[in-house]
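J.: I'd like to ask some things about the structure below.
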Amino acid sequence: MMKLRMKGSRARQRGSVLLEAVVGIFVLSFGVLAIVGLQAAMNHAQGTAKFRADAANLAAELVGLMWVDQPGLAFYTTDQCKTRSACRQWAAKVASAIPKGETEILNLGSGAVEIKVKWTSAMEGEHVYVLRTNVNF
């Protein structure tokens, strides 16, 4: 009787190791997919942050150019930017550094200026960085 009983319990346990291995592989696969998804999300966030930081640095660079060229401050507008070499080069730099980069410069009078740097991301659409400051002595 004892032999029959052992054979019966072995018969019930047959295949349990294979089932445990399949479950273990499934859990491992799920973890690897989660890590790959996390990596993709981190790369996307890093790209977005880079463009935002680039826009802030480029806007600050234009403010520096305006401080240097105080007599020609009235020419630092979107329409007249092409007449100033430094402003024209800066606008070209924005277009090349940021995807679909565009600029808008408003001279608000009394040294107050507003600089908008716009760019378009394929996944998130349009972004705008706005910098308002005073450029006068």
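Residue names in the structure tokens use chain letters A, B, ... in the order shown, residue numbers from 1 in each chain, and ligand numbers from 1 in the order shown.
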What's the 10 Å shell around region 129-131 of chain A, counting only C-alpha atoms, without same-chain residues fewer than 3 positions away, as a compact mmCIF listing (two decimals) with N, CA and C atoms, in the first residue's frame?

T.:
# COMPACT_ATOMS: atom_id res chain seq x y z
N PHE A 51 15.78 70.49 -24.14
CA PHE A 51 15.29 71.57 -25.00
C PHE A 51 14.84 72.77 -24.17
N ARG A 52 14.24 72.52 -23.01
CA ARG A 52 13.82 73.63 -22.14
C ARG A 52 15.04 74.39 -21.62
N ALA A 53 16.08 73.67 -21.22
CA ALA A 53 17.31 74.32 -20.75
C ALA A 53 18.00 75.07 -21.88
N ASP A 54 18.01 74.48 -23.07
CA ASP A 54 18.61 75.17 -24.23
C ASP A 54 17.87 76.47 -24.53
N ALA A 55 16.55 76.45 -24.46
CA ALA A 55 15.75 77.65 -24.71
C ALA A 55 16.07 78.73 -23.68
N ALA A 56 16.19 78.36 -22.43
CA ALA A 56 16.51 79.33 -21.37
C ALA A 56 17.91 79.92 -21.59
N ALA A 59 17.83 82.33 -24.64
CA ALA A 59 17.18 83.60 -24.32
C ALA A 59 18.10 84.47 -23.46
N ALA A 60 18.79 83.87 -22.52
CA ALA A 60 19.74 84.63 -21.69
C ALA A 60 20.91 85.15 -22.53
N VAL A 63 19.78 88.30 -24.17
CA VAL A 63 19.78 89.41 -23.20
C VAL A 63 21.19 89.96 -23.06
N THR A 103 11.72 82.22 -32.91
CA THR A 103 11.87 83.27 -31.90
C THR A 103 10.88 84.39 -32.13
N GLU A 104 10.57 85.06 -31.04
CA GLU A 104 9.75 86.27 -31.09
C GLU A 104 10.34 87.23 -30.06
N ILE A 105 10.68 88.43 -30.51
CA ILE A 105 11.30 89.42 -29.63
C ILE A 105 10.42 90.66 -29.63
N VAL A 113 12.02 94.12 -22.30
CA VAL A 113 11.94 93.25 -23.47
C VAL A 113 11.29 91.92 -23.08
N GLU A 114 10.71 91.27 -24.07
CA GLU A 114 10.15 89.94 -23.90
C GLU A 114 10.69 89.06 -25.02
N ILE A 115 11.28 87.95 -24.65
CA ILE A 115 11.87 87.03 -25.62
C ILE A 115 11.12 85.71 -25.50
N LYS A 116 10.59 85.24 -26.63
CA LYS A 116 9.91 83.95 -26.68
C LYS A 116 10.71 83.01 -27.57
N VAL A 117 11.01 81.86 -27.05
CA VAL A 117 11.64 80.81 -27.83
C VAL A 117 10.63 79.68 -27.94
N LYS A 118 10.26 79.34 -29.17
CA LYS A 118 9.25 78.31 -29.41
C LYS A 118 9.91 77.12 -30.10
N TRP A 119 9.44 75.93 -29.75
CA TRP A 119 9.89 74.73 -30.45
C TRP A 119 8.77 73.71 -30.44

J.: Run DSSP on the backbone of this structure and report the residues of chain A it assigns to strand (DSSP E or B), as JSON, numbers by chain.

T.: {"A": [102, 103, 104, 105, 106, 107, 108, 109, 112, 113, 114, 115, 116, 117, 118, 119, 120, 121, 125, 126, 127, 128, 129, 130, 131, 132, 133, 134]}

J.: What is the distance between CA of Leu33 (chain A) and CA of Gly15 (chain A), in Å to one decimal?

T.: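 We find that CA of Leu33 (chain A) and CA of Gly15 (chain A) lie 27.2 Å from each other.
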
J.: Show me, as a PDB file with N, CA, C and O atoms, in the first residue's frame, the residues that have an atom within 12 Å of region 68-80 of chain A when counting only C-alpha atoms, minus same-chain residues fewer than 3 positions from it.

T.:
ATOM      1  N   GLU A  61      21.298  84.385 -23.533  1.00  0.00           N
ATOM      2  CA  GLU A  61      22.369  84.829 -24.430  1.00  0.00           C
ATOM      3  C   GLU A  61      21.947  86.088 -25.196  1.00  0.00           C
ATOM      4  O   GLU A  61      22.735  87.024 -25.352  1.00  0.00           O
ATOM      5  N   LEU A  62      20.688  86.123 -25.644  1.00  0.00           N
ATOM      6  CA  LEU A  62      20.210  87.325 -26.349  1.00  0.00           C
ATOM      7  C   LEU A  62      20.160  88.525 -25.408  1.00  0.00           C
ATOM      8  O   LEU A  62      20.487  89.643 -25.818  1.00  0.00           O
ATOM      9  N   VAL A  63      19.779  88.305 -24.170  1.00  0.00           N
ATOM     10  CA  VAL A  63      19.777  89.408 -23.203  1.00  0.00           C
ATOM     11  C   VAL A  63      21.190  89.965 -23.059  1.00  0.00           C
ATOM     12  O   VAL A  63      21.396  91.185 -23.014  1.00  0.00           O
ATOM     13  N   GLY A  64      22.174  89.098 -23.017  1.00  0.00           N
ATOM     14  CA  GLY A  64      23.567  89.539 -22.954  1.00  0.00           C
ATOM     15  C   GLY A  64      23.958  90.358 -24.176  1.00  0.00           C
ATOM     16  O   GLY A  64      24.655  91.376 -24.066  1.00  0.00           O
ATOM     17  N   LEU A  65      23.501  89.936 -25.348  1.00  0.00           N
ATOM     18  CA  LEU A  65      23.777  90.696 -26.575  1.00  0.00           C
ATOM     19  C   LEU A  65      23.117  92.080 -26.522  1.00  0.00           C
ATOM     20  O   LEU A  65      23.694  93.067 -26.980  1.00  0.00           O
ATOM     21  N   THR A  83      18.394  93.019 -39.233  1.00  0.00           N
ATOM     22  CA  THR A  83      19.281  94.149 -39.526  1.00  0.00           C
ATOM     23  C   THR A  83      20.518  94.154 -38.635  1.00  0.00           C
ATOM     24  O   THR A  83      21.490  94.820 -38.960  1.00  0.00           O
ATOM     25  N   ARG A  84      20.488  93.429 -37.531  1.00  0.00           N
ATOM     26  CA  ARG A  84      21.625  93.338 -36.614  1.00  0.00           C
ATOM     27  C   ARG A  84      22.299  91.988 -36.788  1.00  0.00           C
ATOM     28  O   ARG A  84      21.661  90.939 -36.681  1.00  0.00           O
ATOM     29  N   SER A  85      23.577  91.995 -37.029  1.00  0.00           N
ATOM     30  CA  SER A  85      24.323  90.765 -37.276  1.00  0.00           C
ATOM     31  C   SER A  85      24.229  89.803 -36.091  1.00  0.00           C
ATOM     32  O   SER A  85      23.983  88.597 -36.261  1.00  0.00           O
ATOM     33  N   ALA A  86      24.430  90.314 -34.894  1.00  0.00           N
ATOM     34  CA  ALA A  86      24.416  89.458 -33.707  1.00  0.00           C
ATOM     35  C   ALA A  86      23.039  88.829 -33.501  1.00  0.00           C
ATOM     36  O   ALA A  86      22.933  87.635 -33.169  1.00  0.00           O
ATOM     37  N   CYS A  87      22.004  89.594 -33.706  1.00  0.00           N
ATOM     38  CA  CYS A  87      20.641  89.087 -33.524  1.00  0.00           C
ATOM     39  C   CYS A  87      20.311  88.058 -34.601  1.00  0.00           C
ATOM     40  O   CYS A  87      19.696  87.023 -34.322  1.00  0.00           O
ATOM     41  N   ARG A  88      20.716  88.312 -35.814  1.00  0.00           N
ATOM     42  CA  ARG A  88      20.478  87.385 -36.920  1.00  0.00           C
ATOM     43  C   ARG A  88      21.188  86.049 -36.666  1.00  0.00           C
ATOM     44  O   ARG A  88      20.621  84.983 -36.853  1.00  0.00           O
ATOM     45  N   TRP A  90      22.043  84.896 -33.746  1.00  0.00           N
ATOM     46  CA  TRP A  90      21.378  84.264 -32.608  1.00  0.00           C
ATOM     47  C   TRP A  90      20.113  83.529 -33.063  1.00  0.00           C
ATOM     48  O   TRP A  90      19.864  82.396 -32.635  1.00  0.00           O
ATOM     49  N   ALA A  91      19.318  84.151 -33.927  1.00  0.00           N
ATOM     50  CA  ALA A  91      18.090  83.511 -34.417  1.00  0.00           C
ATOM     51  C   ALA A  91      18.422  82.237 -35.204  1.00  0.00           C
ATOM     52  O   ALA A  91      17.717  81.230 -35.090  1.00  0.00           O
ATOM     53  N   GLU A 102      11.840  78.645 -33.206  1.00  0.00           N
ATOM     54  CA  GLU A 102      11.431  79.966 -33.680  1.00  0.00           C
ATOM     55  C   GLU A 102      11.588  80.964 -32.544  1.00  0.00           C
ATOM     56  O   GLU A 102      11.568  80.594 -31.372  1.00  0.00           O
ATOM     57  N   THR A 103      11.717  82.225 -32.913  1.00  0.00           N
ATOM     58  CA  THR A 103      11.875  83.265 -31.899  1.00  0.00           C
ATOM     59  C   THR A 103      10.878  84.387 -32.128  1.00  0.00           C
ATOM     60  O   THR A 103      10.429  84.624 -33.239  1.00  0.00           O
ATOM     61  N   GLU A 104      10.566  85.056 -31.038  1.00  0.00           N
ATOM     62  CA  GLU A 104       9.751  86.273 -31.090  1.00  0.00           C
ATOM     63  C   GLU A 104      10.339  87.229 -30.058  1.00  0.00           C
ATOM     64  O   GLU A 104      10.485  86.880 -28.887  1.00  0.00           O
ATOM     65  N   ILE A 105      10.685  88.433 -30.512  1.00  0.00           N
ATOM     66  CA  ILE A 105      11.304  89.422 -29.629  1.00  0.00           C
ATOM     67  C   ILE A 105      10.425  90.663 -29.627  1.00  0.00           C
ATOM     68  O   ILE A 105      10.133  91.225 -30.679  1.00  0.00           O
ATOM     69  N   LEU A 106      10.018  91.076 -28.448  1.00  0.00           N
ATOM     70  CA  LEU A 106       9.200  92.282 -28.302  1.00  0.00           C
ATOM     71  C   LEU A 106       9.961  93.298 -27.466  1.00  0.00           C
ATOM     72  O   LEU A 106      10.451  92.989 -26.387  1.00  0.00           O
ATOM     73  N   ASN A 107      10.054  94.509 -27.982  1.00  0.00           N
ATOM     74  CA  ASN A 107      10.637  95.614 -27.241  1.00  0.00           C
ATOM     75  C   ASN A 107       9.472  96.371 -26.624  1.00  0.00           C
ATOM     76  O   ASN A 107       8.706  97.036 -27.314  1.00  0.00           O
ATOM     77  N   LEU A 108       9.319  96.273 -25.311  1.00  0.00           N
ATOM     78  CA  LEU A 108       8.166  96.838 -24.618  1.00  0.00           C
ATOM     79  C   LEU A 108       8.356  98.293 -24.216  1.00  0.00           C
ATOM     80  O   LEU A 108       7.486  98.893 -23.610  1.00  0.00           O
ATOM     81  N   GLY A 109       9.529  98.865 -24.524  1.00  0.00           N
ATOM     82  CA  GLY A 109       9.808 100.251 -24.188  1.00  0.00           C
ATOM     83  C   GLY A 109      10.481 100.386 -22.831  1.00  0.00           C
ATOM     84  O   GLY A 109      10.352  99.540 -21.966  1.00  0.00           O
ATOM     85  N   SER A 110      11.202 101.468 -22.664  1.00  0.00           N
ATOM     86  CA  SER A 110      11.932 101.772 -21.430  1.00  0.00           C
ATOM     87  C   SER A 110      12.891 100.653 -21.036  1.00  0.00           C
ATOM     88  O   SER A 110      13.120 100.408 -19.854  1.00  0.00           O
ATOM     89  N   GLY A 111      13.404  99.945 -22.019  1.00  0.00           N
ATOM     90  CA  GLY A 111      14.363  98.882 -21.753  1.00  0.00           C
ATOM     91  C   GLY A 111      13.750  97.532 -21.436  1.00  0.00           C
ATOM     92  O   GLY A 111      14.464  96.551 -21.276  1.00  0.00           O
ATOM     93  N   ALA A 112      12.437  97.465 -21.352  1.00  0.00           N
ATOM     94  CA  ALA A 112      11.765  96.188 -21.073  1.00  0.00           C
ATOM     95  C   ALA A 112      11.647  95.383 -22.366  1.00  0.00           C
ATOM     96  O   ALA A 112      11.248  95.911 -23.403  1.00  0.00           O
ATOM     97  N   VAL A 113      12.015  94.120 -22.299  1.00  0.00           N
ATOM     98  CA  VAL A 113      11.935  93.246 -23.469  1.00  0.00           C
ATOM     99  C   VAL A 113      11.293  91.917 -23.078  1.00  0.00           C
ATOM    100  O   VAL A 113      11.318  91.507 -21.909  1.00  0.00           O
ATOM    101  N   GLU A 114      10.711  91.270 -24.075  1.00  0.00           N
ATOM    102  CA  GLU A 114      10.150  89.935 -23.896  1.00  0.00           C
ATOM    103  C   GLU A 114      10.686  89.063 -25.021  1.00  0.00           C
ATOM    104  O   GLU A 114      10.561  89.399 -26.196  1.00  0.00           O
ATOM    105  N   ILE A 115      11.285  87.951 -24.651  1.00  0.00           N
ATOM    106  CA  ILE A 115      11.871  87.028 -25.618  1.00  0.00           C
ATOM    107  C   ILE A 115      11.116  85.713 -25.505  1.00  0.00           C
ATOM    108  O   ILE A 115      11.002  85.136 -24.417  1.00  0.00           O
ATOM    109  N   LYS A 116      10.591  85.241 -26.633  1.00  0.00           N
ATOM    110  CA  LYS A 116       9.905  83.952 -26.675  1.00  0.00           C
ATOM    111  C   LYS A 116      10.712  83.014 -27.567  1.00  0.00           C
ATOM    112  O   LYS A 116      11.055  83.365 -28.687  1.00  0.00           O
ATOM    113  N   VAL A 117      11.005  81.860 -27.053  1.00  0.00           N
ATOM    114  CA  VAL A 117      11.645  80.807 -27.830  1.00  0.00           C
ATOM    115  C   VAL A 117      10.632  79.677 -27.935  1.00  0.00           C
ATOM    116  O   VAL A 117      10.188  79.136 -26.926  1.00  0.00           O
ATOM    117  N   ASN A 134      14.404  93.608 -17.994  1.00  0.00           N
ATOM    118  CA  ASN A 134      14.744  94.993 -18.320  1.00  0.00           C
ATOM    119  C   ASN A 134      16.203  95.040 -18.737  1.00  0.00           C
ATOM    120  O   ASN A 134      17.060  94.495 -18.047  1.00  0.00           O
ATOM    121  N   VAL A 135      16.447  95.734 -19.838  1.00  0.00           N
ATOM    122  CA  VAL A 135      17.809  95.882 -20.340  1.00  0.00           C
ATOM    123  C   VAL A 135      18.070  97.387 -20.441  1.00  0.00           C
ATOM    124  O   VAL A 135      17.864  97.994 -21.473  1.00  0.00           O
ATOM    125  N   ASN A 136      18.454  97.949 -19.341  1.00  0.00           N
ATOM    126  CA  ASN A 136      18.806  99.380 -19.357  1.00  0.00           C
ATOM    127  C   ASN A 136      19.721  99.685 -18.160  1.00  0.00           C
ATOM    128  O   ASN A 136      19.800  98.919 -17.209  1.00  0.00           O
ATOM    129  N   PHE A 137      20.373 100.815 -18.261  1.00  0.00           N
ATOM    130  CA  PHE A 137      21.296 101.210 -17.199  1.00  0.00           C
ATOM    131  C   PHE A 137      20.575 101.926 -16.097  1.00  0.00           C
ATOM    132  O   PHE A 137      19.698 102.646 -16.214  1.00  0.00           O
TER     133      PHE A 137
END

J.: Hey, can you check how far CA of Lys100 (chain A) sits from CA of Thr120 (chain A)?

T.: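 So the answer is 5.7 Å.
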
J.: From region 5-130 of chain A, collect each residue whose DSSP state is alpha helix (DSSP H) and return the set as a PyMOL selection string.

T.: chain A and resi 5-13+16-68+85-97
